[in-house]
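Colleague: This is work.cif, which holds mmCIF, C-alpha atoms and all ligand atoms:
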data_entry
loop_
_atom_site.label_atom_id
_atom_site.label_comp_id
_atom_site.auth_asym_id
_atom_site.auth_seq_id
_atom_site.Cartn_x
_atom_site.Cartn_y
_atom_site.Cartn_z
CA MET K 1 -8.71 -28.30 67.71
CA ARG K 2 -6.35 -26.55 70.07
CA SER K 3 -3.81 -25.87 67.30
CA LEU K 4 -6.63 -24.48 65.19
CA LEU K 5 -7.51 -22.12 68.01
CA TYR K 6 -3.89 -21.05 68.38
CA THR K 7 -3.71 -20.45 64.64
CA ALA K 8 -6.84 -18.32 64.81
CA ILE K 9 -5.45 -16.32 67.73
CA LEU K 10 -2.09 -15.81 65.99
CA LEU K 11 -3.85 -14.71 62.83
CA ALA K 12 -5.98 -12.24 64.77
CA LEU K 13 -2.91 -10.88 66.56
CA SER K 14 -0.94 -10.46 63.35
CA GLN K 15 -3.89 -8.74 61.71
CA ALA K 16 -4.19 -6.42 64.69
CA ALA K 17 -0.48 -5.63 64.48
CA PHE K 18 -0.69 -4.73 60.82
CA ALA K 19 -4.18 -3.25 60.73
CA GLN K 20 -4.13 0.15 59.13
CA GLN K 21 -6.58 3.02 58.89
CA THR K 22 -6.72 5.59 56.11
CA GLU K 23 -8.04 9.15 56.25
CA THR K 24 -8.39 11.51 53.33
CA TYR K 25 -8.81 15.29 53.08
CA GLY K 26 -9.61 17.36 49.99
CA TRP K 27 -10.06 20.90 51.39
CA GLU K 28 -13.74 20.96 50.37
CA GLY K 29 -14.74 22.77 53.59
CA THR K 30 -13.34 25.88 55.29
CA ALA K 31 -10.43 24.36 57.27
CA THR K 32 -6.97 24.99 55.79
CA ILE K 33 -4.05 23.84 57.97
CA LEU K 34 -3.55 22.72 61.60
CA SER K 35 -0.67 25.09 62.35
CA MET K 36 2.62 26.33 60.90
CA TYR K 37 6.28 27.04 61.66
CA PRO K 38 7.66 29.63 61.90
CA ASP K 39 4.79 31.92 62.92
CA SER K 40 3.13 33.78 60.03
CA CYS K 41 5.31 31.94 57.48
CA VAL K 42 2.49 31.18 55.06
CA MET K 43 -0.88 32.52 54.01
CA ALA K 44 -3.09 29.44 53.89
CA SER K 45 -6.43 29.79 52.10
CA ILE K 46 -9.04 27.82 50.23
CA ALA K 47 -8.77 28.13 46.44
CA THR K 48 -11.12 27.19 43.61
CA ASP K 49 -8.46 27.20 40.87
CA PRO K 50 -6.42 25.11 40.36
CA VAL K 51 -8.20 22.11 41.87
CA HIS K 52 -7.27 18.42 41.66
CA GLY K 53 -10.43 16.85 43.08
CA GLY K 54 -13.81 18.27 44.06
CA SER K 55 -14.16 22.05 43.77
CA GLN K 56 -11.57 23.39 46.23
CA SER K 57 -7.88 23.07 47.07
CA LEU K 58 -5.42 24.48 49.60
CA GLU K 59 -3.44 27.54 48.49
CA LEU K 60 -0.16 28.27 50.28
CA GLU K 61 1.66 31.54 49.80
CA ARG K 62 5.12 31.79 51.28
CA LEU K 63 5.57 34.89 53.45
CA SER K 64 8.80 34.21 55.36
CA ASP K 65 12.46 33.99 54.33
CA GLY K 66 12.87 30.77 56.32
CA THR K 67 11.36 27.64 54.73
CA PRO K 68 7.72 27.58 55.80
CA GLN K 69 6.23 24.40 57.22
CA ALA K 70 2.45 24.23 56.88
CA TYR K 71 1.13 21.48 59.18
CA VAL K 72 -1.46 19.52 57.19
CA ALA K 73 -1.90 16.37 59.32
CA TRP K 74 -1.03 15.14 62.82
CA ILE K 75 -0.75 11.51 63.87
CA THR K 76 -0.58 10.58 67.57
CA GLY K 77 -0.43 7.33 69.53
CA LEU K 78 2.45 5.81 67.54
CA SER K 79 5.03 3.24 68.66
CA ASP K 80 8.48 2.19 67.43
CA GLY K 81 8.43 0.16 64.22
CA GLU K 82 5.02 1.40 63.10
CA GLU K 83 4.66 3.07 59.73
CA VAL K 84 2.83 6.18 58.59
CA THR K 85 2.35 6.95 54.91
CA ALA K 86 1.16 10.35 53.74
CA SER K 87 0.60 11.71 50.26
CA PHE K 88 -0.92 14.75 48.62
CA TRP K 89 -1.22 16.25 45.18
CA ARG K 90 0.73 19.46 44.61
CA TYR K 91 0.58 22.02 41.83
CA ASP K 92 3.19 24.31 40.38
CA VAL K 93 4.02 25.16 36.76
CA THR K 94 7.67 26.16 37.07
CA PRO K 95 9.86 23.14 36.12
CA ALA K 96 13.20 23.04 38.00
CA ALA K 97 12.52 26.46 39.54
CA ALA K 98 10.63 28.01 42.45
CA PRO K 99 7.82 27.85 43.45
CA SER K 100 8.04 24.20 44.46
CA CYS K 101 6.59 22.04 47.21
CA ARG K 102 7.74 19.04 49.22
CA ILE K 103 6.11 16.66 51.69
CA TRP K 104 8.08 16.55 54.95
CA ALA K 105 7.46 15.75 58.62
CA HIS K 106 8.72 16.16 62.16
CA TRP K 107 8.23 14.18 65.35
CA ASN K 108 5.91 15.59 68.00
CA ASP K 109 5.83 13.58 71.22
CA ASP K 110 3.29 15.84 72.95
CA PRO K 111 -0.21 14.47 72.16
CA GLY K 112 -1.79 17.58 73.69
CA ASP K 113 -0.08 20.20 71.51
CA VAL K 114 0.07 20.22 67.72
CA ASN K 115 3.02 22.63 67.98
CA GLY K 116 5.19 20.23 69.97
CA TYR K 117 8.52 19.46 68.29
CA ALA K 118 10.83 16.48 68.89
CA GLY K 119 13.12 16.65 65.82
CA SER K 120 12.90 16.36 62.05
CA ALA K 121 11.61 13.09 60.61
CA GLY K 122 12.73 13.83 57.04
CA GLY K 123 10.59 13.42 53.97
CA ASN K 124 10.52 13.16 50.20
CA SER K 125 13.29 15.31 48.70
CA ASP K 126 11.67 15.42 45.27
CA TYR K 127 10.41 18.83 44.19
CA GLY K 128 8.24 17.32 41.45
CA PRO K 129 8.19 17.98 37.70
CA GLY K 130 6.55 21.41 37.99
CA THR K 131 4.24 20.71 35.09
CA GLY K 132 0.91 20.92 36.90
CA TRP K 133 -0.48 18.42 39.39
CA ASP K 134 1.65 15.53 40.62
CA GLU K 135 1.34 13.28 43.68
CA THR K 136 4.09 13.15 46.27
CA GLU K 137 4.28 10.49 48.98
CA TYR K 138 6.52 9.35 51.80
CA THR K 139 6.51 6.59 54.42
CA TRP K 140 7.93 7.22 57.89
CA THR K 141 8.92 4.42 60.27
CA VAL K 142 8.63 5.33 63.94
CA VAL K 143 11.96 5.19 65.81
CA ASP K 144 13.57 6.30 69.09
CA GLY K 145 10.37 6.08 71.12
CA HIS K 146 8.57 8.86 69.24
CA THR K 147 4.80 8.87 69.62
CA GLY K 148 3.57 11.52 67.20
CA LEU K 149 4.25 12.80 63.70
CA VAL K 150 3.25 16.10 62.06
CA ILE K 151 3.02 16.08 58.24
CA GLU K 152 4.26 19.29 56.63
CA ALA K 153 3.79 20.91 53.24
CA ARG K 154 6.89 23.01 52.57
CA VAL K 155 7.04 25.86 50.07
CA TYR K 156 10.28 26.72 48.23
CA SER K 157 11.98 29.13 47.86
CA ASN K 158 11.10 32.85 47.96
CA PRO K 159 8.55 35.01 49.74
CA GLY K 160 5.55 35.39 47.45
CA ASP K 161 5.88 31.88 46.01
CA MET K 162 2.54 30.07 45.78
CA VAL K 163 1.70 26.37 45.53
CA TRP K 164 -1.57 24.46 45.68
CA ILE K 165 -2.29 21.18 47.47
CA ASP K 166 -5.23 18.77 47.23
CA ASP K 167 -6.39 15.21 47.92
CA MET K 168 -4.25 14.22 50.90
CA THR K 169 -4.22 10.62 52.15
CA VAL K 170 -2.78 9.47 55.48
CA THR K 171 -2.43 5.80 56.44
CA ALA K 172 -1.48 4.86 60.01
CA PRO K 173 -1.93 1.92 62.40
CA THR K 174 -5.48 1.53 63.74
CA GLY K 175 -4.26 2.29 67.27
CA ALA K 176 -3.10 5.76 66.25
CA GLU K 177 -5.20 8.88 65.83
CA ILE K 178 -5.10 10.89 62.61
CA VAL K 179 -6.01 14.57 62.90
CA MET K 180 -6.81 16.34 59.65
CA PRO K 181 -7.37 20.10 59.11
CA GLY K 182 -10.50 21.10 61.02
CA GLY K 183 -10.12 18.19 63.44
CA LEU K 184 -8.21 20.07 66.10
CA ALA K 185 -11.18 21.79 67.75
CA LEU K 186 -13.01 18.48 67.92
CA GLU K 187 -10.01 16.82 69.52
CA ARG K 188 -9.78 19.50 72.19
CA GLN K 189 -13.50 19.23 72.83
CA THR K 190 -13.16 15.46 73.20
CA TRP K 191 -10.33 15.90 75.69
CA GLY K 192 -12.41 18.45 77.57
CA SER K 193 -15.27 15.97 77.79
CA ILE K 194 -12.93 13.23 79.01
CA LYS K 195 -11.49 15.52 81.68
CA THR K 196 -15.02 16.43 82.79
CA VAL K 197 -15.90 12.75 83.17
CA PHE K 198 -12.87 12.16 85.40
CA CA K 201 -10.32 19.28 46.61
#
What is this file in structure tokens?

Modeller:
Amino acid sequence: MRSLLYTAILLALSQAAFAQQTETYGWEGTATILSMYPDSCVMASIATDPVHGGSQSLELERLSDGTPQAYVAWITGLSDGEEVTASFWRYDVTPAAAPSCRIWAHWNDDPGDVNGYAGSAGGNSDYGPGTGWDETEYTWTVVDGHTGLVIEARVYSNPGDMVWIDDMTVTAPTGAEIVMPGGLALERQTWGSIKTVF
């Protein structure tokens, strides 16, 4: 009986350790991106053509010479060894030439500021086939005590280049928080409410 109980507890613990949550975002509302780097590097807007799912997508136009990073998701509350997987569909029709798009990320150890930066976390180096929509994905493993990760959509390689993004999926441990476009104001409001309580 006791060993059965231990087995049940161990099972529950292992399930808790590996429990994952998944959030999706398809740009069907008005929110575009959470932030960007450098400042004014992209024009982010809602498009109705091309679209992968639903009736809208995210349109990114590169404005800066430096590689623009459009922040499309933010995961906080992470610990070493945990994994975050993010994917989105991207659209360009220029095989082996710009415009192209990659999924990338950087660490952000400040849970109160989406613009915090604690070093590059790398990403998927593939530029895609450039023959319309294709899905790009990458899995990051948390290291070096980092606690947050910002998912970027990067646009290559000249000012004026445009790419489209749709149907993003982010999977993270249940103990983490996933912030999607449009979720930032809510998060701040929640923090404000918490501060008021204390
Ligand atoms: Ca969509």

Colleague: For region 133-147 of chain K, list every protein, DNA or RNA residue within 10 Å, evaluated using all atoms listed in the file, and leave out those in the same chain fewer than 4 positions away; present the list as an MDAnalysis selection string.

Modeller: chainID K and resid 50:52 75:93 101:111 118:119 121:129 151 164:172 176

Colleague: Please report the interatomic distance between CA of Asn158 (chain K) and CA of Tyr25 (chain K) in Å with one decimal.

Modeller: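 For CA of Asn158 (chain K) relative to CA of Tyr25 (chain K), the distance reads 27.0 Å.
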
Colleague: Counting only C-alpha atoms, which of K:Tyr37, K:Ala12, K:Thr7, K:Thr131 gets nearest to Asn115 (chain K)?

Modeller: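 Between K:Tyr37, K:Ala12, K:Thr7, K:Thr131, the residue approaching Asn115 (chain K) most closely is K:Tyr37.
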
Colleague: So what do you get for CA of Ala97 (chain K) versus CA of Ser55 (chain K), distance-wise?

Modeller: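 Distance reported for this atom pair: 27.4 Å.
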
Colleague: Figure out the distance between CA of Trp74 (chain K) and CA of Thr24 (chain K), please, to one decimal in Å.

Modeller: 12.5 Å

Colleague: Please return the centre and edge lengths, in Å to one decimal, of a box with edges along x, y and z that contains all listed atoms of region 68-85 of chain K, widened by 6 Å on every side, as lines of an AutoDock Vina configuration file.

Modeller:
center_x = 3.3
center_y = 13.9
center_z = 62.2
size_x = 22.4
size_y = 39.4
size_z = 26.6

Colleague: Under the rule that all atoms listed in the file are counted, which of K:Asp161, K:Asp113, K:Glu152, K:Asp49 is the nearest residue to ligand CA 201 (chain K)?

Modeller: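 That would be K:Asp49, the residue with the smallest distance to ligand CA 201 (chain K).
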